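Q: Data file coords-v5.txt (compact mmCIF, C-alpha atoms and all ligand atoms) is appended below.
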# COMPACT_ATOMS: atom_id res chain seq x y z
CA MET A 1 50.66 -45.05 -71.59
CA SER A 2 52.06 -43.57 -68.40
CA GLY A 3 50.69 -41.09 -65.88
CA GLY A 4 47.04 -42.10 -66.24
CA ASP A 5 44.57 -44.87 -66.83
CA SER A 6 45.99 -46.97 -69.66
CA ALA A 7 42.54 -47.11 -71.26
CA ASP A 8 42.30 -43.35 -71.30
CA ALA A 9 44.05 -40.98 -73.68
CA LEU A 10 43.63 -38.02 -71.34
CA LEU A 11 46.87 -36.72 -69.84
CA GLY A 12 47.24 -37.88 -66.26
CA VAL A 13 47.31 -34.46 -64.57
CA TYR A 14 43.90 -35.06 -62.99
CA LYS A 15 42.59 -37.90 -60.86
CA PRO A 16 38.96 -38.12 -61.95
CA GLN A 17 36.97 -40.48 -59.77
CA GLY A 18 33.91 -42.61 -59.80
CA PRO A 19 30.96 -42.06 -62.09
CA LEU A 20 30.82 -41.19 -65.76
CA PHE A 21 28.38 -38.30 -65.94
CA VAL A 22 26.00 -38.09 -68.84
CA LYS A 23 23.37 -35.56 -67.79
CA GLY A 24 22.74 -32.58 -65.54
CA GLU A 25 19.45 -31.47 -63.96
CA GLY A 26 19.50 -28.49 -61.62
CA VAL A 27 21.58 -29.40 -58.58
CA TRP A 28 21.89 -33.02 -59.73
CA LEU A 29 24.27 -34.88 -62.03
CA VAL A 30 23.23 -38.21 -63.51
CA ALA A 31 25.70 -41.01 -64.23
CA ASP A 32 25.58 -43.53 -67.08
CA ASP A 33 24.12 -46.15 -64.70
CA GLY A 34 21.23 -43.79 -63.91
CA ARG A 35 22.46 -42.93 -60.40
CA ARG A 36 21.86 -39.31 -59.33
CA TYR A 37 24.44 -37.25 -57.45
CA LEU A 38 23.81 -34.06 -55.50
CA ASP A 39 26.35 -31.58 -56.86
CA PHE A 40 27.81 -29.41 -54.09
CA THR A 41 30.82 -28.46 -56.23
CA SER A 42 29.12 -26.64 -59.15
CA GLY A 43 32.14 -27.80 -61.17
CA ILE A 44 34.31 -25.82 -58.69
CA ALA A 45 32.13 -22.70 -58.48
CA VAL A 46 31.23 -22.60 -62.18
CA THR A 47 27.64 -23.77 -62.74
CA ALA A 48 26.11 -21.16 -60.43
CA LEU A 49 22.66 -21.52 -62.02
CA GLY A 50 22.80 -25.30 -61.79
CA HIS A 51 22.78 -27.77 -64.66
CA GLY A 52 20.43 -27.43 -67.59
CA HIS A 53 19.10 -23.98 -66.67
CA PRO A 54 16.48 -23.02 -69.30
CA GLU A 55 17.79 -19.45 -69.72
CA ILE A 56 21.26 -20.80 -70.52
CA ALA A 57 19.83 -23.34 -72.96
CA ASP A 58 17.84 -20.55 -74.59
CA ALA A 59 20.91 -18.26 -74.87
CA ILE A 60 22.92 -21.11 -76.40
CA GLU A 61 20.20 -21.69 -78.98
CA ARG A 62 19.94 -17.99 -79.79
CA ALA A 63 23.72 -17.67 -80.11
CA ALA A 64 23.96 -20.76 -82.31
CA ALA A 65 21.13 -19.51 -84.54
CA THR A 66 23.11 -16.38 -85.47
CA GLY A 67 25.83 -18.56 -87.01
CA LEU A 68 28.31 -16.17 -85.44
CA LEU A 69 30.50 -18.38 -83.26
CA HIS A 70 33.75 -16.52 -83.70
CA THR A 71 35.15 -13.48 -85.44
CA SER A 72 38.41 -12.84 -83.47
CA ASN A 73 39.14 -9.50 -81.87
CA LEU A 74 40.02 -8.02 -85.25
CA TYR A 75 36.32 -7.09 -85.38
CA ARG A 76 33.59 -5.93 -83.03
CA THR A 77 30.45 -7.87 -82.17
CA ALA A 78 27.31 -6.77 -80.36
CA PRO A 79 27.36 -9.54 -77.69
CA ALA A 80 30.87 -8.62 -76.45
CA ARG A 81 30.02 -4.91 -76.51
CA ASP A 82 26.79 -5.46 -74.55
CA LEU A 83 28.34 -7.83 -72.05
CA ALA A 84 31.24 -5.43 -71.36
CA ALA A 85 28.81 -2.55 -70.78
CA PHE A 86 26.65 -4.68 -68.47
CA LEU A 87 29.57 -6.01 -66.39
CA ALA A 88 31.28 -2.62 -66.07
CA ASP A 89 28.04 -1.01 -64.96
CA ARG A 90 27.04 -3.73 -62.53
CA ALA A 91 30.52 -4.06 -60.96
CA GLY A 92 31.18 -0.31 -60.85
CA MET A 93 34.25 -0.50 -63.10
CA ASP A 94 35.05 1.24 -66.40
CA ARG A 95 36.57 -1.08 -69.03
CA VAL A 96 36.55 -4.81 -69.65
CA PHE A 97 38.98 -7.26 -71.24
CA PHE A 98 37.70 -10.74 -72.05
CA CYS A 99 39.72 -13.94 -71.93
CA ASN A 100 39.01 -17.64 -71.50
CA SER A 101 39.77 -18.70 -67.92
CA GLY A 102 40.61 -17.57 -64.41
CA GLY A 103 44.32 -18.09 -64.89
CA GLU A 104 44.27 -15.94 -68.01
CA ALA A 105 42.32 -13.24 -66.19
CA ILE A 106 45.03 -13.11 -63.52
CA GLU A 107 47.79 -13.15 -66.11
CA ALA A 108 46.16 -10.18 -67.84
CA SER A 109 45.62 -8.41 -64.50
CA LEU A 110 49.34 -8.68 -63.67
CA LYS A 111 50.32 -7.43 -67.12
CA PHE A 112 47.89 -4.50 -66.94
CA ALA A 113 49.29 -3.57 -63.52
CA ARG A 114 52.86 -3.61 -64.82
CA ARG A 115 51.85 -1.56 -67.84
CA TRP A 116 50.16 0.99 -65.57
CA ALA A 117 53.27 1.09 -63.38
CA GLY A 118 55.51 1.58 -66.42
CA THR A 119 53.50 4.64 -67.38
CA ASN A 120 52.78 6.04 -63.93
CA ARG A 121 55.48 4.86 -61.57
CA GLY A 122 58.72 4.53 -63.55
CA SER A 123 60.58 1.28 -64.07
CA GLU A 124 61.46 0.45 -60.44
CA ALA A 125 58.06 -0.55 -59.10
CA ARG A 126 57.58 -3.97 -60.70
CA ASP A 127 56.83 -6.26 -57.75
CA PHE A 128 53.60 -7.87 -56.57
CA VAL A 129 52.47 -8.60 -53.06
CA ALA A 130 50.20 -11.61 -52.57
CA LEU A 131 48.84 -13.31 -49.47
CA ARG A 132 49.73 -16.52 -47.69
CA GLY A 133 47.06 -19.08 -48.55
CA SER A 134 46.40 -17.55 -51.97
CA PHE A 135 45.52 -19.40 -55.15
CA HIS A 136 45.47 -17.44 -58.39
CA GLY A 137 46.08 -20.04 -61.09
CA ARG A 138 48.61 -22.34 -62.73
CA LEU A 139 50.23 -20.16 -65.39
CA PHE A 140 53.69 -18.70 -64.87
CA GLY A 141 52.44 -15.33 -63.59
CA SER A 142 49.39 -16.52 -61.68
CA LEU A 143 51.43 -19.39 -60.20
CA ALA A 144 54.09 -16.92 -59.06
CA VAL A 145 51.49 -15.16 -56.86
CA THR A 146 50.04 -18.48 -55.65
CA ASP A 147 51.14 -19.70 -52.22
CA ARG A 148 51.35 -23.42 -52.98
CA PRO A 149 54.96 -24.65 -52.88
CA GLY A 150 53.94 -28.06 -54.26
CA TYR A 151 52.42 -26.49 -57.37
CA ARG A 152 55.23 -23.97 -57.82
CA GLU A 153 58.52 -25.66 -57.16
CA PRO A 154 58.62 -28.18 -60.04
CA PHE A 155 58.19 -25.31 -62.51
CA GLU A 156 60.52 -22.65 -61.17
CA PRO A 157 61.76 -20.12 -62.15
CA LEU A 158 58.38 -18.41 -62.27
CA MET A 159 57.66 -14.73 -62.85
CA PRO A 160 60.07 -12.86 -60.54
CA GLY A 161 58.99 -10.15 -58.11
CA ALA A 162 56.23 -11.86 -56.10
CA ASN A 163 56.27 -11.61 -52.29
CA PHE A 164 53.86 -13.10 -49.77
CA VAL A 165 52.48 -11.68 -46.56
CA ASP A 166 50.39 -13.22 -43.80
CA PRO A 167 46.84 -11.80 -43.96
CA THR A 168 46.43 -12.23 -40.20
CA ASP A 169 49.33 -9.86 -39.55
CA PRO A 170 48.40 -6.34 -40.72
CA ARG A 171 51.88 -5.02 -39.79
CA SER A 172 53.55 -7.29 -42.34
CA LEU A 173 51.18 -5.99 -45.01
CA GLU A 174 52.12 -2.40 -44.13
CA ARG A 175 55.82 -3.29 -44.36
CA ALA A 176 55.49 -5.21 -47.61
CA LEU A 177 53.64 -2.47 -49.50
CA ASP A 178 56.78 -0.52 -50.33
CA PRO A 179 55.83 2.15 -52.87
CA GLU A 180 59.35 2.14 -54.30
CA ARG A 181 59.10 -1.50 -55.38
CA VAL A 182 55.50 -2.68 -55.46
CA THR A 183 53.13 -2.34 -58.41
CA ALA A 184 50.11 -4.09 -56.97
CA LEU A 185 48.63 -6.07 -54.12
CA ILE A 186 46.64 -9.07 -55.32
CA LEU A 187 44.15 -10.93 -53.15
CA GLU A 188 40.98 -13.03 -53.10
CA PRO A 189 38.30 -11.44 -50.87
CA ILE A 190 37.51 -15.03 -49.85
CA GLN A 191 40.44 -17.36 -50.34
CA GLY A 192 39.00 -20.43 -52.05
CA GLU A 193 41.56 -23.16 -52.66
CA GLY A 194 43.43 -21.98 -49.55
CA GLY A 195 40.63 -23.28 -47.29
CA VAL A 196 37.65 -20.92 -47.77
CA ARG A 197 38.95 -18.01 -45.71
CA PRO A 198 37.01 -14.76 -45.90
CA LEU A 199 39.48 -11.92 -45.39
CA GLY A 200 36.73 -9.76 -43.88
CA THR A 201 35.68 -6.17 -44.37
CA PRO A 202 38.26 -4.54 -42.02
CA PHE A 203 41.13 -6.26 -43.86
CA LEU A 204 39.76 -5.36 -47.30
CA ARG A 205 39.29 -1.73 -46.27
CA LYS A 206 42.78 -1.58 -44.79
CA ALA A 207 44.24 -3.08 -47.98
CA ARG A 208 42.40 -0.47 -50.06
CA GLU A 209 43.45 2.37 -47.78
CA LEU A 210 47.13 1.39 -47.76
CA THR A 211 47.36 0.77 -51.49
CA ARG A 212 45.59 4.04 -52.28
CA GLU A 213 47.82 6.07 -49.94
CA ARG A 214 50.94 4.55 -51.44
CA GLY A 215 50.01 4.67 -55.11
CA ILE A 216 49.88 0.87 -55.39
CA LEU A 217 47.17 -0.91 -57.38
CA LEU A 218 44.71 -3.28 -55.73
CA ILE A 219 43.87 -6.36 -57.81
CA LEU A 220 40.92 -8.39 -56.55
CA ASP A 221 40.72 -11.99 -57.71
CA GLU A 222 37.02 -12.86 -57.62
CA VAL A 223 37.40 -15.74 -60.03
CA GLN A 224 35.87 -18.09 -57.44
CA CYS A 225 34.04 -15.87 -54.94
CA GLY A 226 32.56 -13.32 -57.38
CA LEU A 227 29.37 -13.12 -59.42
CA GLY A 228 26.73 -13.90 -56.81
CA ARG A 229 28.46 -16.64 -54.84
CA THR A 230 28.50 -14.55 -51.62
CA GLY A 231 24.99 -13.19 -52.16
CA ARG A 232 26.39 -9.99 -53.72
CA PHE A 233 27.22 -9.48 -57.37
CA THR A 234 30.86 -8.90 -56.40
CA ALA A 235 32.27 -10.24 -53.13
CA HIS A 236 34.01 -6.95 -52.27
CA GLU A 237 30.76 -4.98 -52.60
CA GLU A 238 29.99 -5.62 -48.94
CA ALA A 239 33.23 -3.87 -47.90
CA GLY A 240 32.28 -0.81 -49.94
CA ILE A 241 35.64 -0.64 -51.71
CA ARG A 242 36.55 -0.28 -55.38
CA PRO A 243 39.55 -2.17 -56.73
CA ASP A 244 41.71 -0.92 -59.59
CA ILE A 245 41.54 -4.30 -61.31
CA LEU A 246 38.94 -7.05 -60.83
CA ALA A 247 39.36 -10.56 -62.22
CA LEU A 248 36.28 -12.70 -62.88
CA ALA A 249 35.83 -16.09 -64.50
CA LYS A 250 34.36 -19.39 -63.31
CA PRO A 251 30.55 -18.78 -63.33
CA LEU A 252 30.71 -16.00 -65.92
CA ALA A 253 29.33 -18.00 -68.84
CA GLY A 254 27.46 -20.67 -66.88
CA GLY A 255 29.91 -23.47 -67.72
CA LEU A 256 31.40 -22.26 -70.99
CA PRO A 257 35.00 -21.09 -70.57
CA MET A 258 35.31 -17.35 -70.11
CA GLY A 259 37.26 -14.87 -67.99
CA ALA A 260 37.15 -11.10 -67.70
CA VAL A 261 39.32 -8.35 -66.30
CA LEU A 262 37.54 -5.16 -65.29
CA VAL A 263 39.67 -2.06 -64.79
CA THR A 264 39.30 1.58 -63.87
CA GLU A 265 39.64 4.31 -66.46
CA GLU A 266 43.06 5.17 -65.01
CA VAL A 267 44.40 1.66 -65.60
CA ALA A 268 42.71 1.52 -69.01
CA ALA A 269 44.43 4.77 -70.01
CA SER A 270 47.86 3.12 -69.76
CA LEU A 271 46.96 0.34 -72.22
CA SER A 272 47.23 0.62 -75.99
CA PRO A 273 46.44 -1.65 -78.95
CA GLY A 274 48.94 -4.52 -79.00
CA ASP A 275 49.67 -4.50 -75.24
CA HIS A 276 47.69 -7.68 -74.70
CA GLY A 277 45.37 -9.96 -76.64
CA THR A 278 43.77 -13.34 -77.17
CA THR A 279 42.23 -15.04 -80.18
CA PHE A 280 39.11 -16.41 -78.51
CA GLY A 281 38.43 -13.91 -75.71
CA GLY A 282 34.95 -12.38 -75.76
CA GLY A 283 33.67 -14.31 -78.75
CA PRO A 284 30.04 -13.66 -79.69
CA PHE A 285 28.79 -17.13 -78.76
CA VAL A 286 30.19 -17.21 -75.24
CA SER A 287 29.37 -13.52 -74.69
CA THR A 288 25.68 -14.09 -75.52
CA VAL A 289 25.54 -16.89 -72.96
CA ALA A 290 27.49 -14.85 -70.37
CA LEU A 291 25.09 -11.93 -70.72
CA ALA A 292 22.12 -14.19 -69.96
CA VAL A 293 23.98 -15.75 -67.01
CA THR A 294 25.22 -12.49 -65.46
CA ARG A 295 21.82 -10.83 -65.85
CA ARG A 296 20.36 -13.64 -63.80
CA LEU A 297 23.28 -13.62 -61.31
CA SER A 298 22.77 -9.91 -60.70
CA ASP A 299 19.04 -10.27 -59.99
CA PRO A 300 18.46 -8.75 -56.50
CA ASP A 301 15.92 -11.48 -55.66
CA LEU A 302 18.39 -14.24 -56.50
CA LEU A 303 21.12 -12.49 -54.49
CA SER A 304 19.00 -12.02 -51.38
CA ASP A 305 17.89 -15.65 -51.69
CA VAL A 306 21.58 -16.69 -51.75
CA ARG A 307 22.23 -14.68 -48.57
CA GLU A 308 19.24 -16.29 -46.85
CA LYS A 309 20.09 -19.80 -47.93
CA GLY A 310 23.71 -19.16 -46.96
CA GLU A 311 22.66 -18.35 -43.41
CA ALA A 312 20.44 -21.43 -43.36
CA LEU A 313 23.40 -23.53 -44.51
CA ARG A 314 25.62 -21.97 -41.85
CA GLY A 315 23.03 -23.04 -39.22
CA MET A 316 22.87 -26.59 -40.60
CA LEU A 317 26.68 -26.86 -40.55
CA GLU A 318 26.88 -25.50 -37.02
CA ARG A 319 24.36 -28.08 -35.85
CA LEU A 320 26.37 -30.78 -37.62
CA GLN A 321 29.48 -29.51 -35.84
CA GLU A 322 27.72 -29.82 -32.46
CA ARG A 323 26.70 -33.39 -33.26
CA LYS A 324 30.12 -34.48 -34.51
CA GLY A 325 32.17 -33.60 -31.45
CA GLY A 326 35.67 -32.49 -32.40
CA ARG A 327 35.53 -33.76 -36.01
CA ILE A 328 34.64 -30.29 -37.32
CA THR A 329 37.03 -27.68 -35.97
CA GLU A 330 35.81 -24.60 -37.85
CA ILE A 331 33.15 -23.48 -40.30
CA ARG A 332 33.93 -20.51 -42.54
CA GLY A 333 32.23 -18.85 -45.45
CA ARG A 334 29.70 -16.48 -46.91
CA GLY A 335 26.64 -16.93 -49.10
CA LEU A 336 26.90 -20.35 -50.72
CA MET A 337 30.67 -20.76 -50.35
CA TRP A 338 31.56 -22.69 -47.20
CA GLY A 339 34.59 -24.49 -45.85
CA VAL A 340 34.24 -27.14 -43.17
CA GLU A 341 37.58 -27.62 -41.48
CA LEU A 342 38.11 -31.10 -40.08
CA SER A 343 40.37 -32.48 -37.39
CA GLY A 344 41.76 -34.92 -39.99
CA PRO A 345 42.22 -35.15 -43.75
CA SER A 346 39.37 -34.10 -46.02
CA ALA A 347 40.12 -36.48 -48.93
CA PRO A 348 38.53 -39.63 -47.35
CA VAL A 349 35.40 -37.63 -46.47
CA VAL A 350 35.11 -36.32 -50.04
CA GLU A 351 35.53 -39.91 -51.30
CA HIS A 352 32.87 -41.34 -48.99
CA ALA A 353 30.47 -38.55 -49.83
CA LEU A 354 30.85 -39.47 -53.50
CA ASP A 355 29.96 -43.08 -52.67
CA GLU A 356 26.84 -41.79 -50.92
CA GLY A 357 25.84 -39.61 -53.86
CA LEU A 358 27.15 -36.19 -52.77
CA LEU A 359 29.80 -34.31 -54.74
CA LEU A 360 32.19 -32.26 -52.61
CA VAL A 361 35.62 -30.80 -53.21
CA GLY A 362 38.51 -30.32 -50.80
CA ALA A 363 40.22 -27.00 -50.18
CA GLY A 364 43.65 -27.84 -48.83
CA PRO A 365 44.44 -30.95 -46.79
CA ASN A 366 41.69 -30.78 -44.14
CA VAL A 367 38.91 -28.55 -45.44
CA VAL A 368 35.80 -29.79 -47.25
CA ARG A 369 34.36 -27.12 -49.53
CA LEU A 370 30.66 -26.68 -50.24
CA LEU A 371 29.83 -24.77 -53.41
CA PRO A 372 26.28 -25.76 -54.37
CA PRO A 373 24.59 -24.06 -57.31
CA LEU A 374 22.99 -20.78 -56.19
CA THR A 375 19.65 -22.25 -57.26
CA VAL A 376 19.84 -25.02 -54.62
CA SER A 377 16.72 -25.48 -52.47
CA THR A 378 16.70 -25.57 -48.67
CA HIS A 379 15.65 -29.18 -48.85
CA GLU A 380 18.66 -30.00 -51.07
CA LEU A 381 20.95 -28.16 -48.63
CA GLU A 382 19.55 -30.29 -45.79
CA ARG A 383 20.08 -33.45 -47.83
CA GLY A 384 23.68 -32.46 -48.62
CA VAL A 385 24.53 -31.70 -45.00
CA SER A 386 22.97 -34.97 -43.90
CA LEU A 387 25.09 -36.89 -46.47
CA LEU A 388 28.17 -34.98 -45.29
CA GLY A 389 27.34 -36.17 -41.76
CA GLU A 390 27.15 -39.75 -43.01
CA ALA A 391 30.49 -39.37 -44.77
CA LEU A 392 32.03 -38.08 -41.52
CA ASP A 393 30.66 -41.12 -39.66
CA ALA A 394 31.89 -43.52 -42.34
CA THR A 395 35.41 -42.09 -42.22
CA VAL A 396 35.53 -42.32 -38.43
CA ASP A 397 34.67 -45.99 -38.81
CA ALA A 398 37.37 -46.33 -41.46
CA GLY A 399 39.83 -44.87 -38.97
CA ALA A 400 40.48 -41.65 -40.91
C1 LIG B 501 40.63 -17.51 -56.98
C2 LIG B 501 41.06 -18.20 -58.22
N1 LIG B 501 41.80 -17.54 -59.12
C3 LIG B 501 42.19 -18.11 -60.27
C4 LIG B 501 41.87 -19.42 -60.56
C5 LIG B 501 42.32 -20.04 -61.85
O1 LIG B 501 41.23 -20.24 -62.68
P1 LIG B 501 41.29 -21.28 -63.91
O2 LIG B 501 41.33 -22.64 -63.30
O3 LIG B 501 40.05 -21.00 -64.68
O4 LIG B 501 42.52 -20.95 -64.68
C6 LIG B 501 41.11 -20.15 -59.65
C7 LIG B 501 40.77 -21.57 -59.93
O5 LIG B 501 40.39 -22.31 -59.06
C8 LIG B 501 40.70 -19.53 -58.45
O6 LIG B 501 39.97 -20.20 -57.54
Output the structure of this file as structure tokens.
Ligand SMILES: Cc1ncc(COP(=O)(O)O)c(C=O)c1O

A:
Amino acid sequence: MSGGDSADALLGVYKPQGPLFVKGEGVWLVADDGRRYLDFTSGIAVTALGHGHPEIADAIERAAATGLLHTSNLYRTAPARDLAAFLADRAGMDRVFFCNSGGEAIEASLKFARRWAGTNRGSEARDFVALRGSFHGRLFGSLAVTDRPGYREPFEPLMPGANFVDPTDPRSLERALDPERVTALILEPIQGEGGVRPLGTPFLRKARELTRERGILLILDEVQCGLGRTGRFTAHEEAGIRPDILALAKPLAGGLPMGAVLVTEEVAASLSPGDHGTTFGGGPFVSTVALAVTRRLSDPDLLSDVREKGEALRGMLERLQERKGGRITEIRGRGLMWGVELSGPSAPVVEHALDEGLLLVGAGPNVVRLLPPLTVSTHELERGVSLLGEALDATVDAGA
């Protein structure tokens, strides 16, 4: 077998490391040797309520007891109907399309935008503008609007018509948003894989203002930063803007695969039966679980707790930065989504942290990302930051 561990039949497109996990308990994962690991990845922003949350277990049991795992979208089910109504209401949007992942949510968003443009803007405006540092997924459309040459180039040609602008240069955004050519601007309110970079309220408002003036759609990719992660139900809420299309996924069903695209009535009006579809999207089982998860993630008490703990975490990271001299060059984030930019590579630090019992994930070559479950305690945050400090020390010693 090539491209992976010869004892393993899994395709070698991942590099899974270390322990074999057998159990999850809150913010902790337990390996087959009984060792416990503090999970500051949440499975890359997925398990927002932690592992083994009783409300998720209960929803899974209830959903299983109905015997209704799947019907296809040939038929309607109550869980999908109720979840769509809840999400649309809570996010201030009008209609919802369900799919099975973040990449699929972006793919659908791009298609919906083109369909809207076909109806409202004539055939010329087909292009997309995306931002430098963006990550929107690995499918041919979502990859085309992703600014990662290493991920893109081996698979070209991708979807044509994607152009990138530098988010720190508002002039280039103004120039790129040509109403003759551009269907939509797509962006993450906080860029995740690109290094945890919040775009900030002024930028988001400017993007909304320009797109609205020019008749261009605004697609917000909140696959990673949405659904409570920033201490708001949607990350853009703080900027007081409304997108035309909003993509959600990762934490939506608490660890089961699900994505959703929320659109305005105007975008919805351009779509007809047959324009898009998926066999599994919005199945009754996953929708029942997602309704329980999103109800909890929209709880005002949980959200204000995330904002408070986020500020506490910011303080802990700033103190760590003071103690570690020039090792930490910048700390960025919101809520419980933080990037710690290092003077050197992040991979050795992530590796050492794993040895010490802390799960972290990189975001680009020199940023360590912290994405603990939103249910993390202050004590667990302190423990995680202390282990991160130890990993920084260990990598200095290793000459990283
Ligand atoms: C902002 C953003 N969009 C889209 C995706 C793609 O999601 P998925 O991996 O579920 O296809 C990701 C995944 O990391 C993401 O962070």

Q: Name all residues at most 8 Å from stretch 318-331 of chain A (count all atoms listed in the file; drop same-chain ones fewer than 2 positions away) and give them as JSON, numbers by chain.

A: {"A": [314, 315, 316, 333, 338, 339, 340, 341, 342, 343, 344, 385, 389, 392]}

Q: Contacts of stretch 35-48 of chain A at 9 Å or less, counting all atoms listed in the file, minus same-chain residues fewer than 5 places along, as a ChimeraX atom specification?

A: /A:19,26-30,223-225,227-229,249-256,293,297,337,354,356-361,369-375,380-381,383-384

Q: Kindly save the residues from that selection, with C-alpha atoms included, as an mmCIF file, in the frame of the given file.

A:
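This went into part.cif:
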data_model
loop_
_atom_site.group_PDB
_atom_site.id
_atom_site.type_symbol
_atom_site.label_atom_id
_atom_site.label_comp_id
_atom_site.auth_asym_id
_atom_site.auth_seq_id
_atom_site.Cartn_x
_atom_site.Cartn_y
_atom_site.Cartn_z
ATOM 1 C CA PRO A 19 30.960 -42.060 -62.090
ATOM 2 C CA GLY A 26 19.500 -28.490 -61.620
ATOM 3 C CA VAL A 27 21.580 -29.400 -58.580
ATOM 4 C CA TRP A 28 21.890 -33.020 -59.730
ATOM 5 C CA LEU A 29 24.270 -34.880 -62.030
ATOM 6 C CA VAL A 30 23.230 -38.210 -63.510
ATOM 7 C CA VAL A 223 37.400 -15.740 -60.030
ATOM 8 C CA GLN A 224 35.870 -18.090 -57.440
ATOM 9 C CA CYS A 225 34.040 -15.870 -54.940
ATOM 10 C CA LEU A 227 29.370 -13.120 -59.420
ATOM 11 C CA GLY A 228 26.730 -13.900 -56.810
ATOM 12 C CA ARG A 229 28.460 -16.640 -54.840
ATOM 13 C CA ALA A 249 35.830 -16.090 -64.500
ATOM 14 C CA LYS A 250 34.360 -19.390 -63.310
ATOM 15 C CA PRO A 251 30.550 -18.780 -63.330
ATOM 16 C CA LEU A 252 30.710 -16.000 -65.920
ATOM 17 C CA ALA A 253 29.330 -18.000 -68.840
ATOM 18 C CA GLY A 254 27.460 -20.670 -66.880
ATOM 19 C CA GLY A 255 29.910 -23.470 -67.720
ATOM 20 C CA LEU A 256 31.400 -22.260 -70.990
ATOM 21 C CA VAL A 293 23.980 -15.750 -67.010
ATOM 22 C CA LEU A 297 23.280 -13.620 -61.310
ATOM 23 C CA MET A 337 30.670 -20.760 -50.350
ATOM 24 C CA LEU A 354 30.850 -39.470 -53.500
ATOM 25 C CA GLU A 356 26.840 -41.790 -50.920
ATOM 26 C CA GLY A 357 25.840 -39.610 -53.860
ATOM 27 C CA LEU A 358 27.150 -36.190 -52.770
ATOM 28 C CA LEU A 359 29.800 -34.310 -54.740
ATOM 29 C CA LEU A 360 32.190 -32.260 -52.610
ATOM 30 C CA VAL A 361 35.620 -30.800 -53.210
ATOM 31 C CA ARG A 369 34.360 -27.120 -49.530
ATOM 32 C CA LEU A 370 30.660 -26.680 -50.240
ATOM 33 C CA LEU A 371 29.830 -24.770 -53.410
ATOM 34 C CA PRO A 372 26.280 -25.760 -54.370
ATOM 35 C CA PRO A 373 24.590 -24.060 -57.310
ATOM 36 C CA LEU A 374 22.990 -20.780 -56.190
ATOM 37 C CA THR A 375 19.650 -22.250 -57.260
ATOM 38 C CA GLU A 380 18.660 -30.000 -51.070
ATOM 39 C CA LEU A 381 20.950 -28.160 -48.630
ATOM 40 C CA ARG A 383 20.080 -33.450 -47.830
ATOM 41 C CA GLY A 384 23.680 -32.460 -48.620
#

Q: Could you report the residues within 10 Å of ligand LIG 501 (chain B), using all atoms listed in the file, as a compact mmCIF listing (two decimals) with C-alpha atoms, in the frame of the given file?

A:
# COMPACT_ATOMS: atom_id res chain seq x y z
CA ILE A 44 34.31 -25.82 -58.69
CA ALA A 45 32.13 -22.70 -58.48
CA VAL A 46 31.23 -22.60 -62.18
CA ASN A 100 39.01 -17.64 -71.50
CA SER A 101 39.77 -18.70 -67.92
CA GLY A 102 40.61 -17.57 -64.41
CA GLY A 103 44.32 -18.09 -64.89
CA GLU A 104 44.27 -15.94 -68.01
CA ALA A 105 42.32 -13.24 -66.19
CA ILE A 106 45.03 -13.11 -63.52
CA GLU A 107 47.79 -13.15 -66.11
CA SER A 134 46.40 -17.55 -51.97
CA PHE A 135 45.52 -19.40 -55.15
CA HIS A 136 45.47 -17.44 -58.39
CA GLY A 137 46.08 -20.04 -61.09
CA ARG A 138 48.61 -22.34 -62.73
CA LEU A 139 50.23 -20.16 -65.39
CA SER A 142 49.39 -16.52 -61.68
CA LEU A 143 51.43 -19.39 -60.20
CA THR A 146 50.04 -18.48 -55.65
CA LEU A 187 44.15 -10.93 -53.15
CA GLU A 188 40.98 -13.03 -53.10
CA PRO A 189 38.30 -11.44 -50.87
CA ILE A 190 37.51 -15.03 -49.85
CA GLN A 191 40.44 -17.36 -50.34
CA GLY A 192 39.00 -20.43 -52.05
CA GLU A 193 41.56 -23.16 -52.66
CA GLY A 194 43.43 -21.98 -49.55
CA LEU A 220 40.92 -8.39 -56.55
CA ASP A 221 40.72 -11.99 -57.71
CA GLU A 222 37.02 -12.86 -57.62
CA VAL A 223 37.40 -15.74 -60.03
CA GLN A 224 35.87 -18.09 -57.44
CA CYS A 225 34.04 -15.87 -54.94
CA GLY A 226 32.56 -13.32 -57.38
CA ALA A 247 39.36 -10.56 -62.22
CA LEU A 248 36.28 -12.70 -62.88
CA ALA A 249 35.83 -16.09 -64.50
CA LYS A 250 34.36 -19.39 -63.31
CA PRO A 251 30.55 -18.78 -63.33
CA PRO A 257 35.00 -21.09 -70.57
CA MET A 258 35.31 -17.35 -70.11
CA GLY A 259 37.26 -14.87 -67.99

Q: Tell me, as a list in words, which residues lie within 12 Å of A:Pro348, counting all atoms listed in the file; anything in the same chain fewer than 4 positions away does not count.

A: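 Returned residues: Leu342, Gly344, His352, Ala353, Leu354, Asp355, Leu360, Val361, Gly362, Pro365, Asn366, Val367, Val368, Leu388, Ala391, Leu392, Asp393, Ala394, Thr395, Val396, Asp397, Ala398, Gly399 and Ala400 of chain A.
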
Q: Find the residue from A:Asp275, A:Glu209, A:Glu351, A:Asp147 that sits nearest to A:Pro243; use only C-alpha atoms when measuring.

A: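 Smallest separation from A:Pro243 among the options: A:Glu209.
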
Q: With distances taken over all atoms listed in the file, which residue among A:Gly161, A:Gly118, A:Pro170, A:Gly231 lies nearest A:Glu308?

A: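 Checking each candidate against A:Glu308, we get A:Gly231 as the closest.
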
Q: Take atom CA of A:Leu262 and atom CA of A:Leu199 and report the distance between them in Å, one decimal.

A: 21.1 Å

Q: Give me the residues near A:Leu185 as a ChimeraX atom specification, where near means some atom within 8 Å (using all atoms listed in the file) and where sequence neighbours in that chain fewer than 2 positions away do not count.

A: /A:128-130,177,182-183,187,211,216-219
